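Read through the structure below, which is laid out as structure tokens, and then see the notes.
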Amino acid sequence: MTIKLSPPPVPCYVEFHRAQSWSLEQRIVSLEQQQGVSRTALPLTEQRILRLLQPWTCCQLSASVCSSAPELRFSHQTGSEVIRKIVKEDQDALLSCALDGRNIAEDVFDWKTDSSSRREVFFYNRGSSYIDGLPGQDAHFKDRVFHFPEQLAVGNASIVIRKTQVTDSGNYTCYFPFHEPKRRVQYELIVEYILKPRNIPGAAQEPTLSFNKTSDGLLLQCVVRGAFPKPRVEWRDSSGNVLPAEPTFTQKDLSFDVFLQATASTSGFYRCVATQEEIHNEVSADTYVPGPGAASEPSLTILDETKDWALLQCLVKGASPKPSVLWKDDSGNIIKSEEPEVTERGGSYDIVLQTTVTKEGFYHCEVTQEDINHRVSAKIKVFFGVSDSPPIGWIVAAVLGAVVVLFIILLLTGRLRCNRRSHTPVSTN
């Protein structure tokens, strides 16, 4: 029993999206279930389409390749069909081309641009390609264009252009020069600009940030210098909300310096963003703003050490609300510590946490106040016999030694003076 399917005509090139593969698969499975016919009994055209589609579902390609890039088909003035593909700058672009599902491992296919220069994009010749060192590829595409060698057996001559640039925009042709009848696929690739940091004249560079305490909170300041055209500058909180602020502009020749101040009422990360849409430039800088009572960086000390161990101390002062304090090794593992010594004064806390370590390396004291979303840490290097901070015992011993030496010097000096006086001759006149 033969079942006739009526899918739309499938040209030698197909844009292999997961939706296409799923749709055709569902139609065939449905027919199988209704008619009780195995897939091997389907007409050759459907077998060929399945063989083409299954290996090229998007799950086997990179996420950027399988993004929902718009694609339109239209007729060129020559009468041939052109596929228009639109991607964002820095995305990967998949340009699909196939030859009837037959093995093309020993065939030849060529990808070129259709510009007047006819730049060589990718060339495959019976097992060798530009990736294997064949000469002739345009330098603009070197190390950025790849094909699917494992899919040659099913006719896949598609390529991927990695990390597209706006200058990649243009017309592309996939061509099988030795195939009769001639096979050709034409693409119009459009790469759209995105906002990102750009190293071009007039582009704003990374902003300079600072903040100062005020009665209303913390005053954030962002400075952008030497930008042209005039940038839009904004302060944003960690959720992306724009803080109310009015910029001040100073013009020097054609470039602008921008000063923007905003008030932060809560602790957290804040970002200053400078945008120049005319030249597709956007730069930013981040800063962390501690809230009232946020713990400062803890003070770390090596209290004592031997050739086998070191006693470390972490001191946190004036924190509110009460923080949790942990010692960690350089891999982030929590180290068992002694019970912390906690002192409360007027709602703020001083905490002392000590631990003994037996291995050299860096150790971190981490202070966390979850109520105000604040975390700060400091690190110290332990090298038995040498430390970043001299042990307290050594300091005390050195001071006592110096006092003893000074006392002996003074004692000897006093005795010498006494001896000189006792031997002074007495005048008889």
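Residue names in the structure tokens use chain letters A, B, ... in the order shown, residue numbers from 1 in each chain, and ligand numbers from 1 in the order shown.
With only C-alpha atoms taken into account, the protein and nucleic acid residues at most 8 Å from Ser299 of chain A (excluding it and anything under 2 positions from it in its own chain) are Glu297, Thr301, Cys314, Leu315, Val316 and Ala378 of chain A.
Scanning segment 156-386 of chain A with DSSP on the backbone, the helix (DSSP H, G or I) assignments fall on Val166, Thr167, Asp168, Glu277, Glu278, Ile279, Glu370, Asp371 and Ile372 of chain A.
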For Lys163 of chain A, please output as a PyMOL selection string all residues within 10 Å (counting only C-alpha atoms; exclusion window: fewer than 4 positions along the same chain).
chain A and resi 64-65+88-93+144-145+168
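Using only C-alpha atoms, the residues found no farther than 10 Å from segment 111-116 of chain A, other than those of its own chain fewer than 5 positions away, are A:Leu95, A:Cys97, A:Val121, A:Phe122, A:Phe123, A:Tyr124, A:Gln137, A:Asp138, A:Ala157, A:Ser158, A:Ile159, A:Asp168, A:Ser169, A:Gly170, A:Asn171, A:Tyr172, A:Thr173, A:Cys174, A:Tyr175, A:Phe176, A:Arg184, A:Val185, A:Gln186, A:Tyr187, A:Glu188.
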Writer output for current selection, C-alpha atoms, as a PDB file, in the first residue's frame:
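Ended up saving to out-v9.pdb:
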```
ATOM      1  CA  LEU A  95      23.765  29.437   5.839  1.00  0.00           C
ATOM      2  CA  CYS A  97      22.840  24.323   1.505  1.00  0.00           C
ATOM      3  CA  VAL A 121      34.183  32.294   1.887  1.00  0.00           C
ATOM      4  CA  PHE A 122      34.530  28.506   1.987  1.00  0.00           C
ATOM      5  CA  PHE A 123      35.688  25.883  -0.499  1.00  0.00           C
ATOM      6  CA  TYR A 124      35.414  22.084  -0.201  1.00  0.00           C
ATOM      7  CA  GLN A 137      40.237  31.945   1.412  1.00  0.00           C
ATOM      8  CA  ASP A 138      39.619  35.653   1.934  1.00  0.00           C
ATOM      9  CA  ALA A 157      27.038  21.648   2.413  1.00  0.00           C
ATOM     10  CA  SER A 158      25.928  24.233   5.009  1.00  0.00           C
ATOM     11  CA  ILE A 159      28.364  26.613   6.686  1.00  0.00           C
ATOM     12  CA  ASP A 168      29.794  40.255   6.740  1.00  0.00           C
ATOM     13  CA  SER A 169      26.532  41.654   5.363  1.00  0.00           C
ATOM     14  CA  GLY A 170      26.036  40.897   1.675  1.00  0.00           C
ATOM     15  CA  ASN A 171      25.025  38.234  -0.815  1.00  0.00           C
ATOM     16  CA  TYR A 172      26.384  34.691  -0.623  1.00  0.00           C
ATOM     17  CA  THR A 173      26.172  31.806  -3.080  1.00  0.00           C
ATOM     18  CA  CYS A 174      26.576  28.075  -2.487  1.00  0.00           C
ATOM     19  CA  TYR A 175      27.552  26.415  -5.778  1.00  0.00           C
ATOM     20  CA  PHE A 176      28.168  22.843  -6.945  1.00  0.00           C
ATOM     21  CA  ARG A 184      23.039  27.045  -6.627  1.00  0.00           C
ATOM     22  CA  VAL A 185      21.724  28.557  -3.373  1.00  0.00           C
ATOM     23  CA  GLN A 186      21.696  32.320  -2.824  1.00  0.00           C
ATOM     24  CA  TYR A 187      21.583  34.162   0.509  1.00  0.00           C
ATOM     25  CA  GLU A 188      21.336  37.781   1.478  1.00  0.00           C
TER      26      GLU A 188
END
```
May I ask which of the residues A:Ile409, A:Ala153, A:Leu189, A:Asp143 is the closest one to Lys85 of chain A, counting only C-alpha atoms?
A:Leu189
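Within the 12 Å cut-off around Ser238 of chain A, using only C-alpha atoms and omitting residues fewer than 5 positions from it on the same chain, the listed residues are Leu243, Ala264, Thr266, Ser267, Gly268, Phe269, Tyr270, Arg271, Cys272, Asp286, Thr287, Tyr288, Val289 and Asn373 of chain A.
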Preceding selection exported with C-alpha atoms as a PDB file, in the first residue's frame:
```
ATOM      1  CA  LEU A 243      17.617  56.255  38.919  1.00  0.00           C
ATOM      2  CA  ALA A 264      21.304  55.574  46.363  1.00  0.00           C
ATOM      3  CA  THR A 266      19.933  51.157  49.697  1.00  0.00           C
ATOM      4  CA  SER A 267      23.101  49.121  49.518  1.00  0.00           C
ATOM      5  CA  GLY A 268      23.880  47.059  46.443  1.00  0.00           C
ATOM      6  CA  PHE A 269      25.461  47.194  43.013  1.00  0.00           C
ATOM      7  CA  TYR A 270      24.907  50.215  40.780  1.00  0.00           C
ATOM      8  CA  ARG A 271      25.891  50.723  37.156  1.00  0.00           C
ATOM      9  CA  CYS A 272      26.558  53.853  35.149  1.00  0.00           C
ATOM     10  CA  ASP A 286      29.818  49.067  38.202  1.00  0.00           C
ATOM     11  CA  THR A 287      30.272  49.998  41.825  1.00  0.00           C
ATOM     12  CA  TYR A 288      29.121  48.520  45.109  1.00  0.00           C
ATOM     13  CA  VAL A 289      27.479  50.853  47.610  1.00  0.00           C
ATOM     14  CA  ASN A 373      22.424  42.055  50.943  1.00  0.00           C
TER      15      ASN A 373
END
```
Find the residues near Ile372 of chain A: any atom within 10 Å, counting only C-alpha atoms, skip ones fewer than 6 places away on the same chain, and give them as a short mmCIF file (atom, residue, chain, number, x, y, z; two decimals) with all heavy atoms, in the first residue's frame.
```
data_model
loop_
_atom_site.label_atom_id
_atom_site.label_comp_id
_atom_site.auth_asym_id
_atom_site.auth_seq_id
_atom_site.Cartn_x
_atom_site.Cartn_y
_atom_site.Cartn_z
N THR A 266 19.69 52.50 49.17
CA THR A 266 19.93 51.16 49.70
C THR A 266 21.29 50.66 49.22
O THR A 266 21.84 51.14 48.22
CB THR A 266 18.85 50.16 49.22
OG1 THR A 266 18.86 50.11 47.79
CG2 THR A 266 17.48 50.59 49.71
N SER A 267 21.82 49.70 49.93
CA SER A 267 23.10 49.12 49.52
C SER A 267 22.89 48.21 48.31
O SER A 267 21.79 47.76 48.04
CB SER A 267 23.72 48.33 50.67
OG SER A 267 22.89 47.23 51.00
N GLY A 268 23.96 47.95 47.60
CA GLY A 268 23.88 47.06 46.44
C GLY A 268 24.78 47.53 45.32
O GLY A 268 25.55 48.48 45.47
N PRO A 290 27.87 50.30 49.97
CA PRO A 290 27.48 49.71 51.26
C PRO A 290 26.43 50.58 51.94
O PRO A 290 26.49 51.81 51.87
CB PRO A 290 28.79 49.71 52.05
CG PRO A 290 29.58 50.84 51.48
CD PRO A 290 29.21 50.91 50.02
N GLY A 291 25.46 49.94 52.60
CA GLY A 291 24.44 50.68 53.32
C GLY A 291 24.88 51.03 54.72
O GLY A 291 25.97 50.64 55.17
N PRO A 292 24.07 51.79 55.46
CA PRO A 292 24.40 52.12 56.85
C PRO A 292 24.57 50.84 57.67
O PRO A 292 23.74 49.93 57.60
CB PRO A 292 23.18 52.92 57.32
CG PRO A 292 22.55 53.43 56.07
CD PRO A 292 22.79 52.39 55.03
N GLY A 293 25.65 50.76 58.42
CA GLY A 293 25.91 49.59 59.24
C GLY A 293 26.58 48.45 58.50
O GLY A 293 26.89 47.42 59.09
N ALA A 294 26.80 48.62 57.20
CA ALA A 294 27.47 47.57 56.43
C ALA A 294 28.89 47.38 56.94
O ALA A 294 29.62 48.34 57.18
CB ALA A 294 27.49 47.92 54.95
N SER A 320 26.17 46.36 61.60
CA SER A 320 24.77 46.25 61.98
C SER A 320 23.94 46.10 60.70
O SER A 320 24.10 46.91 59.78
CB SER A 320 24.31 47.48 62.76
OG SER A 320 22.94 47.41 63.06
N PRO A 321 23.08 45.07 60.64
CA PRO A 321 22.79 44.05 61.64
C PRO A 321 23.95 43.08 61.83
O PRO A 321 24.94 43.13 61.11
CB PRO A 321 21.57 43.33 61.03
CG PRO A 321 21.72 43.53 59.56
CD PRO A 321 22.32 44.88 59.39
#
```
Selection: 10 Å around Gln151 of chain A, only C-alpha atoms, excl. self and same-chain fewer than 3 positions, as a ChimeraX atom specification
/A:52,55-56,98,101,103-105,147-148,154-158
Suppose we keep N, CA and C atoms; can you now write the selection as a compact mmCIF listing (two decimals), in the first residue's frame?
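Wrote it out as result-v5.txt, contents follow:
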```txt
# COMPACT_ATOMS: atom_id res chain seq x y z
N LEU A 52 17.57 14.10 5.54
CA LEU A 52 18.18 15.43 5.54
C LEU A 52 17.94 16.18 6.84
N PRO A 55 19.52 14.86 10.99
CA PRO A 55 20.83 15.15 11.57
C PRO A 55 21.05 16.62 11.87
N TRP A 56 20.20 17.51 11.30
CA TRP A 56 20.51 18.93 11.39
C TRP A 56 19.55 19.69 12.28
N ALA A 98 22.18 22.14 0.63
CA ALA A 98 22.17 20.68 0.59
C ALA A 98 22.00 20.20 -0.84
N GLY A 101 20.29 15.04 -0.54
CA GLY A 101 20.52 13.99 0.45
C GLY A 101 21.54 12.95 0.05
N ASN A 103 25.49 11.51 -0.83
CA ASN A 103 26.82 11.65 -0.24
C ASN A 103 27.66 12.60 -1.10
N ILE A 104 28.12 13.70 -0.51
CA ILE A 104 28.93 14.67 -1.26
C ILE A 104 30.37 14.72 -0.72
N ALA A 105 30.78 13.67 0.02
CA ALA A 105 32.14 13.66 0.57
C ALA A 105 33.19 13.73 -0.52
N HIS A 147 32.20 24.11 8.33
CA HIS A 147 31.15 23.29 7.73
C HIS A 147 30.88 22.10 8.64
N PHE A 148 30.15 21.10 8.13
CA PHE A 148 29.73 19.95 8.93
C PHE A 148 30.26 18.68 8.27
N VAL A 154 25.14 12.89 3.99
CA VAL A 154 23.72 13.09 3.70
C VAL A 154 23.49 14.40 2.94
N GLY A 155 24.55 14.91 2.31
CA GLY A 155 24.39 16.04 1.41
C GLY A 155 24.46 17.42 2.02
N ASN A 156 24.94 17.54 3.25
CA ASN A 156 24.95 18.83 3.93
C ASN A 156 26.18 19.64 3.53
N ALA A 157 25.96 20.73 2.80
CA ALA A 157 27.04 21.65 2.41
C ALA A 157 26.89 22.98 3.13
N SER A 158 26.17 23.00 4.26
CA SER A 158 25.93 24.23 5.01
C SER A 158 27.21 24.72 5.67
```
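Here atom CA of Val233 of chain A is placed at a distance of 7.6 Å from atom CA of Val258 of chain A.
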Taking the DSSP secondary structure from the backbone, can you list the residues of segment 258-314 of chain A that are strand (DSSP E), as JSON, numbers by chain?
{"A": [258, 259, 260, 261, 262, 263, 264, 268, 269, 270, 271, 272, 273, 274, 275, 276, 281, 282, 283, 284, 285, 286, 287, 288, 289, 299, 300, 301, 302, 303, 304, 305, 310, 311, 312, 313, 314]}
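For the set A:Leu195, A:Leu410, A:Leu220, A:Ile302, the residue with the smallest atom-to-atom gap to Lys381 of chain A is A:Ile302, counting only C-alpha atoms.
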